[in-house]
Amino acid sequence: MGTIPETKIYNLVRKSGIIKHKTRQLFLVDLLKSLIKSRSVVFSELAYKMDKSIKMSSIERRIQDFFQKVKFDYESLIHLLLSFTPHDKLVLSIDRTEWDFGKTQINILCIVVSIGKMAIPLYFEMLDNNSGNSNWKDRITILESLIDKIGKERIGIILMDREFIGHKWLLWLKSEAISFCVRVPKHHLILFADGSIFKAEELLLHKKCVYKRDICVDKTSLNLSLSYGKNEDLVYLIGTENPRLLKMWYKKRWTIEVFFQALKGRGFNLEKSQLKSIVKYKKLFALVSIAYAICWAVGIEDGKTNPVKTKKHGYPQYSVFRRGLNIVRAFFKRKIETVFEQTIDKIILKFTRLLKTVG
């Protein structure tokens, strides 16, 4: 491949097994490089950033051919992305993101690992349901598939927003002994053991917070946390954990929103793709997830020796992801950034160890 940046990423792609054929592995590296350099998923932009001595139109056709014909091994992708996670017990968040391109509706159900203020994608599926909410069957299917790959014992807790309520779904999680915390729409009634029924706002009347064990919501016995947020929004949470800890857990769910932002306008502008096939979009989402994970890991590694500066408003100048993105882009311009090389080497080593444990 001739240059260090491409060689480092190629070693990672080759060991991952996401794509089997060497020529297509090399082209995947070209795509990752172009994606990071351009911060765009539009094929013409990707083609423009490729270092090829052929016509732009020919490069675009090769990109189109890649998404049309190349098969991704998504099980291998899970193992690769898992290599970026530092913890044995995983804090998972599940959510949807959606947008429209003309008459094409993109609807993605995604599970991420929450790490600090950021998240690493782990598993995702395209929903073909006219951008509607996921149903309990969709959720069980995607979670069962993930459990089959990583093992139930690695799941510490699952965090979910108001869409992910529902009797059959919650009962299934309980029956599988999977710990969870989910926010509940305020109109859902709360049933106590003595038969009394309350609205959440009634229980919070003249109180800052309410914690209860073994109440019934959506025909499911769970623990309850009620409080008001910074904007006086009702924070109505149920779950299997200590009720006093539910709000602390739920705050970690925000990392999946940060991840979606990084994939879209604050990162790679995923929603601007002109693809009309959800099969191709799944491949594109995989590509962007790998690029995001690499940049995030580089940002984490760099932060160990170069702490992020905090501005006057109390927030860091750059997110971990944006810092890593800037470093990798600089690396591709042939500016020496050894933290990028070190990070990729660490991920390759961790991935190799992970493959030994999964057989």
# chains A, B, ... in the order shown; residues from 1 in each chain; ligands from 1
>>> select_by_dssp(residues="range 33-237 of chain A", states="helix (DSSP H, G or I)", output="NGL selection string")
:A and (33-38 or 43-48 or 56-69 or 74-82 or 136-150 or 152-154 or 162-164 or 167-175 or 200-203)
>>> residues_around(residues="range 117-132 of chain A", least_positions_apart="4", cutoff="8 Å", atoms="only C-alpha atoms", output="PyMOL selection string")
chain A and resi 78+81-82+84-85+98-99+105-113+142+146+252+254-256+258-259+278-279+282+289+293+320
>>> write_last_selection(atoms="N, CA and C atoms", output="compact mmCIF listing (two decimals), in the first residue's frame")
# COMPACT_ATOMS: atom_id res chain seq x y z
N ILE A 78 -19.20 -6.69 14.68
CA ILE A 78 -19.48 -6.59 16.12
C ILE A 78 -18.21 -6.83 16.92
N LEU A 81 -15.87 -3.80 16.60
CA LEU A 81 -16.32 -2.65 17.39
C LEU A 81 -16.20 -2.92 18.89
N LEU A 82 -16.39 -4.18 19.28
CA LEU A 82 -16.25 -4.54 20.68
C LEU A 82 -14.81 -4.33 21.16
N PHE A 84 -13.06 -1.84 20.70
CA PHE A 84 -12.88 -0.45 21.10
C PHE A 84 -13.42 -0.18 22.51
N THR A 85 -14.12 -1.15 23.10
CA THR A 85 -14.72 -0.94 24.42
C THR A 85 -13.77 -1.43 25.51
N GLU A 98 -33.76 8.41 12.42
CA GLU A 98 -34.45 8.32 11.13
C GLU A 98 -34.40 9.64 10.39
N TRP A 99 -34.48 9.57 9.08
CA TRP A 99 -34.60 10.73 8.21
C TRP A 99 -35.08 10.26 6.85
N GLN A 105 -37.21 6.27 3.10
CA GLN A 105 -37.22 6.51 4.54
C GLN A 105 -36.15 5.64 5.20
N ILE A 106 -35.23 6.29 5.87
CA ILE A 106 -34.15 5.60 6.56
C ILE A 106 -34.50 5.53 8.04
N ASN A 107 -34.57 4.32 8.57
CA ASN A 107 -35.00 4.10 9.95
C ASN A 107 -34.09 3.04 10.56
N ILE A 108 -33.23 3.45 11.49
CA ILE A 108 -32.18 2.57 12.01
C ILE A 108 -32.37 2.35 13.50
N LEU A 109 -32.44 1.09 13.90
CA LEU A 109 -32.48 0.71 15.32
C LEU A 109 -31.06 0.32 15.72
N CYS A 110 -30.54 0.99 16.74
CA CYS A 110 -29.11 0.87 17.04
C CYS A 110 -28.88 0.62 18.53
N ILE A 111 -27.87 -0.19 18.83
CA ILE A 111 -27.41 -0.41 20.20
C ILE A 111 -25.97 0.06 20.30
N VAL A 112 -25.68 0.89 21.30
CA VAL A 112 -24.32 1.38 21.51
C VAL A 112 -23.85 1.04 22.92
N VAL A 113 -22.54 1.06 23.11
CA VAL A 113 -21.94 0.94 24.44
C VAL A 113 -21.63 2.34 24.94
N ILE A 142 -33.16 -7.98 17.76
CA ILE A 142 -31.85 -7.34 17.70
C ILE A 142 -31.04 -7.63 18.96
N LEU A 146 -27.51 -9.81 19.36
CA LEU A 146 -26.32 -9.28 20.03
C LEU A 146 -25.86 -10.21 21.15
N LYS A 252 -26.79 8.38 31.42
CA LYS A 252 -25.80 7.80 30.51
C LYS A 252 -26.40 7.51 29.13
N TRP A 254 -27.76 9.50 27.20
CA TRP A 254 -27.54 10.62 26.30
C TRP A 254 -26.39 10.34 25.33
N THR A 255 -25.51 9.42 25.67
CA THR A 255 -24.36 9.13 24.80
C THR A 255 -24.79 8.65 23.42
N ILE A 256 -25.92 7.98 23.31
CA ILE A 256 -26.36 7.51 21.99
C ILE A 256 -26.81 8.69 21.13
N VAL A 258 -25.40 11.66 21.33
CA VAL A 258 -24.12 12.25 20.93
C VAL A 258 -23.53 11.46 19.75
N PHE A 259 -23.66 10.14 19.81
CA PHE A 259 -23.18 9.29 18.72
C PHE A 259 -23.90 9.60 17.41
N ILE A 278 -32.04 0.31 1.50
CA ILE A 278 -31.69 0.14 2.91
C ILE A 278 -30.59 -0.91 3.09
N VAL A 279 -30.46 -1.82 2.14
CA VAL A 279 -29.37 -2.81 2.20
C VAL A 279 -28.03 -2.09 2.04
N LYS A 282 -27.20 0.04 5.11
CA LYS A 282 -26.64 -0.70 6.23
C LYS A 282 -25.12 -0.80 6.09
N SER A 289 -19.57 3.83 11.03
CA SER A 289 -19.33 3.39 12.41
C SER A 289 -17.87 3.06 12.65
N ALA A 293 -15.46 5.05 15.20
CA ALA A 293 -14.79 4.34 16.29
C ALA A 293 -13.28 4.61 16.28
N VAL A 320 -14.25 14.35 22.41
CA VAL A 320 -13.25 13.31 22.19
C VAL A 320 -13.24 12.90 20.72
>>> atom_distance(atom1="CA of Ala330 in chain A", atom2="CA of Val298 in chain A")
12.1 Å
>>> residues_around(residues="range 147-161 of chain A", least_positions_apart="5", cutoff="6 Å", atoms="only C-alpha atoms", output="PDB file with C-alpha atoms, in the first residue's frame")
ATOM      1  CA  LYS A  89     -19.584  -5.138  31.763  1.00  0.00           C
ATOM      2  CA  LEU A  90     -21.299  -3.083  29.086  1.00  0.00           C
ATOM      3  CA  VAL A  91     -23.689  -0.184  29.643  1.00  0.00           C
ATOM      4  CA  LEU A  92     -25.897  -0.405  26.549  1.00  0.00           C
ATOM      5  CA  SER A  93     -28.242   2.216  25.123  1.00  0.00           C
ATOM      6  CA  ILE A  94     -30.817   1.408  22.462  1.00  0.00           C
ATOM      7  CA  SER A 179     -31.113  -5.175  33.991  1.00  0.00           C
ATOM      8  CA  PHE A 180     -32.662  -2.059  32.459  1.00  0.00           C
ATOM      9  CA  CYS A 181     -33.853   1.505  32.978  1.00  0.00           C
ATOM     10  CA  VAL A 182     -36.456   3.122  30.739  1.00  0.00           C
ATOM     11  CA  ARG A 183     -38.141   6.519  30.709  1.00  0.00           C
ATOM     12  CA  ARG A 253     -28.374   7.209  27.756  1.00  0.00           C
TER      13      ARG A 253
END
>>> residues_around(residues="range 58-72 of chain A", least_positions_apart="2", cutoff="6 Å", atoms="only C-alpha atoms", output="ChimeraX atom specification")
/A:18-19,47,55-56,74,280
>>> write_last_selection(atoms="C-alpha atoms", output="PDB file, in the first residue's frame")
ATOM      1  CA  ILE A  18     -15.461  -7.855   7.702  1.00  0.00           C
ATOM      2  CA  ILE A  19     -14.636  -8.289   4.020  1.00  0.00           C
ATOM      3  CA  ALA A  47     -14.204   9.959  -5.034  1.00  0.00           C
ATOM      4  CA  LYS A  55     -11.136   9.616 -13.835  1.00  0.00           C
ATOM      5  CA  MET A  56     -13.499  10.742 -11.110  1.00  0.00           C
ATOM      6  CA  TYR A  74     -21.670  -8.057  10.338  1.00  0.00           C
ATOM      7  CA  LYS A 280     -26.735  -0.394   0.879  1.00  0.00           C
TER       8      LYS A 280
END
>>> decode(residues="range 20-129 of chain A", atoms="C-alpha atoms", output="tab-separated table (two decimals), in the first residue's frame")
chain	number	residue	atom	x	y	z
A	20	LYS	CA	-12.80	-11.38	2.79
A	21	HIS	CA	-11.31	-10.43	-0.60
A	22	LYS	CA	-8.00	-8.51	-0.48
A	23	THR	CA	-8.82	-6.14	-3.34
A	24	ARG	CA	-12.07	-5.15	-1.66
A	25	GLN	CA	-10.32	-4.82	1.70
A	26	LEU	CA	-7.95	-2.33	0.09
A	27	PHE	CA	-10.86	-0.40	-1.39
A	28	LEU	CA	-12.58	-0.33	2.02
A	29	VAL	CA	-9.42	1.32	3.38
A	30	ASP	CA	-9.62	3.90	0.57
A	31	LEU	CA	-13.25	4.57	1.49
A	32	LEU	CA	-12.46	4.98	5.20
A	33	LYS	CA	-9.63	7.36	4.39
A	34	SER	CA	-11.81	9.42	2.02
A	35	LEU	CA	-14.68	9.46	4.51
A	36	ILE	CA	-12.48	10.84	7.28
A	37	LYS	CA	-10.80	13.38	4.99
A	38	SER	CA	-14.02	14.65	3.40
A	39	ARG	CA	-16.43	14.20	6.36
A	40	SER	CA	-19.00	13.29	3.73
A	41	VAL	CA	-20.80	10.14	2.59
A	42	VAL	CA	-21.69	11.59	-0.81
A	43	PHE	CA	-20.00	9.40	-3.43
A	44	SER	CA	-18.70	12.33	-5.49
A	45	GLU	CA	-17.00	13.77	-2.40
A	46	LEU	CA	-15.51	10.38	-1.48
A	47	ALA	CA	-14.20	9.96	-5.03
A	48	TYR	CA	-12.67	13.45	-5.01
A	49	LYS	CA	-10.62	12.63	-1.88
A	50	MET	CA	-9.25	9.33	-3.21
A	51	ASP	CA	-5.64	9.36	-4.37
A	52	LYS	CA	-6.27	7.65	-7.69
A	53	SER	CA	-4.83	8.40	-11.12
A	54	ILE	CA	-8.09	7.57	-12.90
A	55	LYS	CA	-11.14	9.62	-13.83
A	56	MET	CA	-13.50	10.74	-11.11
A	57	SER	CA	-16.39	9.07	-12.93
A	58	SER	CA	-14.53	5.75	-12.84
A	59	ILE	CA	-13.90	6.07	-9.10
A	60	GLU	CA	-17.56	6.83	-8.47
A	61	ARG	CA	-18.56	3.72	-10.43
A	62	ARG	CA	-16.17	1.66	-8.29
A	63	ILE	CA	-17.78	3.08	-5.14
A	64	GLN	CA	-21.26	2.28	-6.45
A	65	ASP	CA	-20.10	-1.22	-7.38
A	66	PHE	CA	-18.67	-1.70	-3.86
A	67	PHE	CA	-21.99	-0.95	-2.17
A	68	GLN	CA	-23.89	-3.00	-4.76
A	69	LYS	CA	-21.83	-6.20	-4.71
A	70	VAL	CA	-19.58	-6.45	-1.64
A	71	LYS	CA	-20.87	-8.56	1.25
A	72	PHE	CA	-20.21	-7.44	4.82
A	73	ASP	CA	-19.72	-9.91	7.65
A	74	TYR	CA	-21.67	-8.06	10.34
A	75	GLU	CA	-20.79	-10.60	13.03
A	76	SER	CA	-17.11	-9.81	12.49
A	77	LEU	CA	-18.01	-6.12	12.62
A	78	ILE	CA	-19.48	-6.59	16.12
A	79	HIS	CA	-16.25	-8.20	17.30
A	80	LEU	CA	-14.22	-5.38	15.78
A	81	LEU	CA	-16.32	-2.65	17.39
A	82	LEU	CA	-16.25	-4.54	20.68
A	83	SER	CA	-12.45	-4.20	20.58
A	84	PHE	CA	-12.88	-0.45	21.10
A	85	THR	CA	-14.72	-0.94	24.42
A	86	PRO	CA	-12.56	-0.99	27.57
A	87	HIS	CA	-15.00	-2.58	30.01
A	88	ASP	CA	-16.07	-6.17	30.67
A	89	LYS	CA	-19.58	-5.14	31.76
A	90	LEU	CA	-21.30	-3.08	29.09
A	91	VAL	CA	-23.69	-0.18	29.64
A	92	LEU	CA	-25.90	-0.41	26.55
A	93	SER	CA	-28.24	2.22	25.12
A	94	ILE	CA	-30.82	1.41	22.46
A	95	ASP	CA	-32.54	3.99	20.27
A	96	ARG	CA	-33.67	4.82	16.73
A	97	THR	CA	-32.57	7.49	14.31
A	98	GLU	CA	-34.45	8.32	11.13
A	99	TRP	CA	-34.60	10.73	8.21
A	100	ASP	CA	-35.99	10.88	4.69
A	101	PHE	CA	-34.24	11.17	1.32
A	102	GLY	CA	-37.02	11.93	-1.14
A	103	LYS	CA	-39.43	9.00	-0.87
A	104	THR	CA	-36.80	6.79	0.78
A	105	GLN	CA	-37.22	6.51	4.54
A	106	ILE	CA	-34.15	5.60	6.56
A	107	ASN	CA	-35.00	4.10	9.95
A	108	ILE	CA	-32.18	2.57	12.01
A	109	LEU	CA	-32.48	0.71	15.32
A	110	CYS	CA	-29.11	0.87	17.04
A	111	ILE	CA	-27.41	-0.41	20.20
A	112	VAL	CA	-24.32	1.38	21.51
A	113	VAL	CA	-21.94	0.94	24.44
A	114	SER	CA	-21.95	4.06	26.62
A	115	ILE	CA	-18.42	5.04	27.64
A	116	GLY	CA	-17.99	8.30	29.53
A	117	LYS	CA	-19.76	11.04	27.58
A	118	MET	CA	-19.50	9.20	24.27
A	119	ALA	CA	-20.56	5.84	22.85
A	120	ILE	CA	-19.33	3.10	20.54
A	121	PRO	CA	-21.85	1.48	18.13
A	122	LEU	CA	-22.17	-2.26	18.53
A	123	TYR	CA	-25.20	-3.50	16.61
A	124	PHE	CA	-27.78	-2.01	14.26
A	125	GLU	CA	-30.62	-2.98	11.96
A	126	MET	CA	-32.52	-1.16	9.25
A	127	LEU	CA	-36.27	-1.07	9.95
A	128	ASP	CA	-38.56	-1.28	6.93
A	129	ASN	CA	-41.67	0.15	8.57
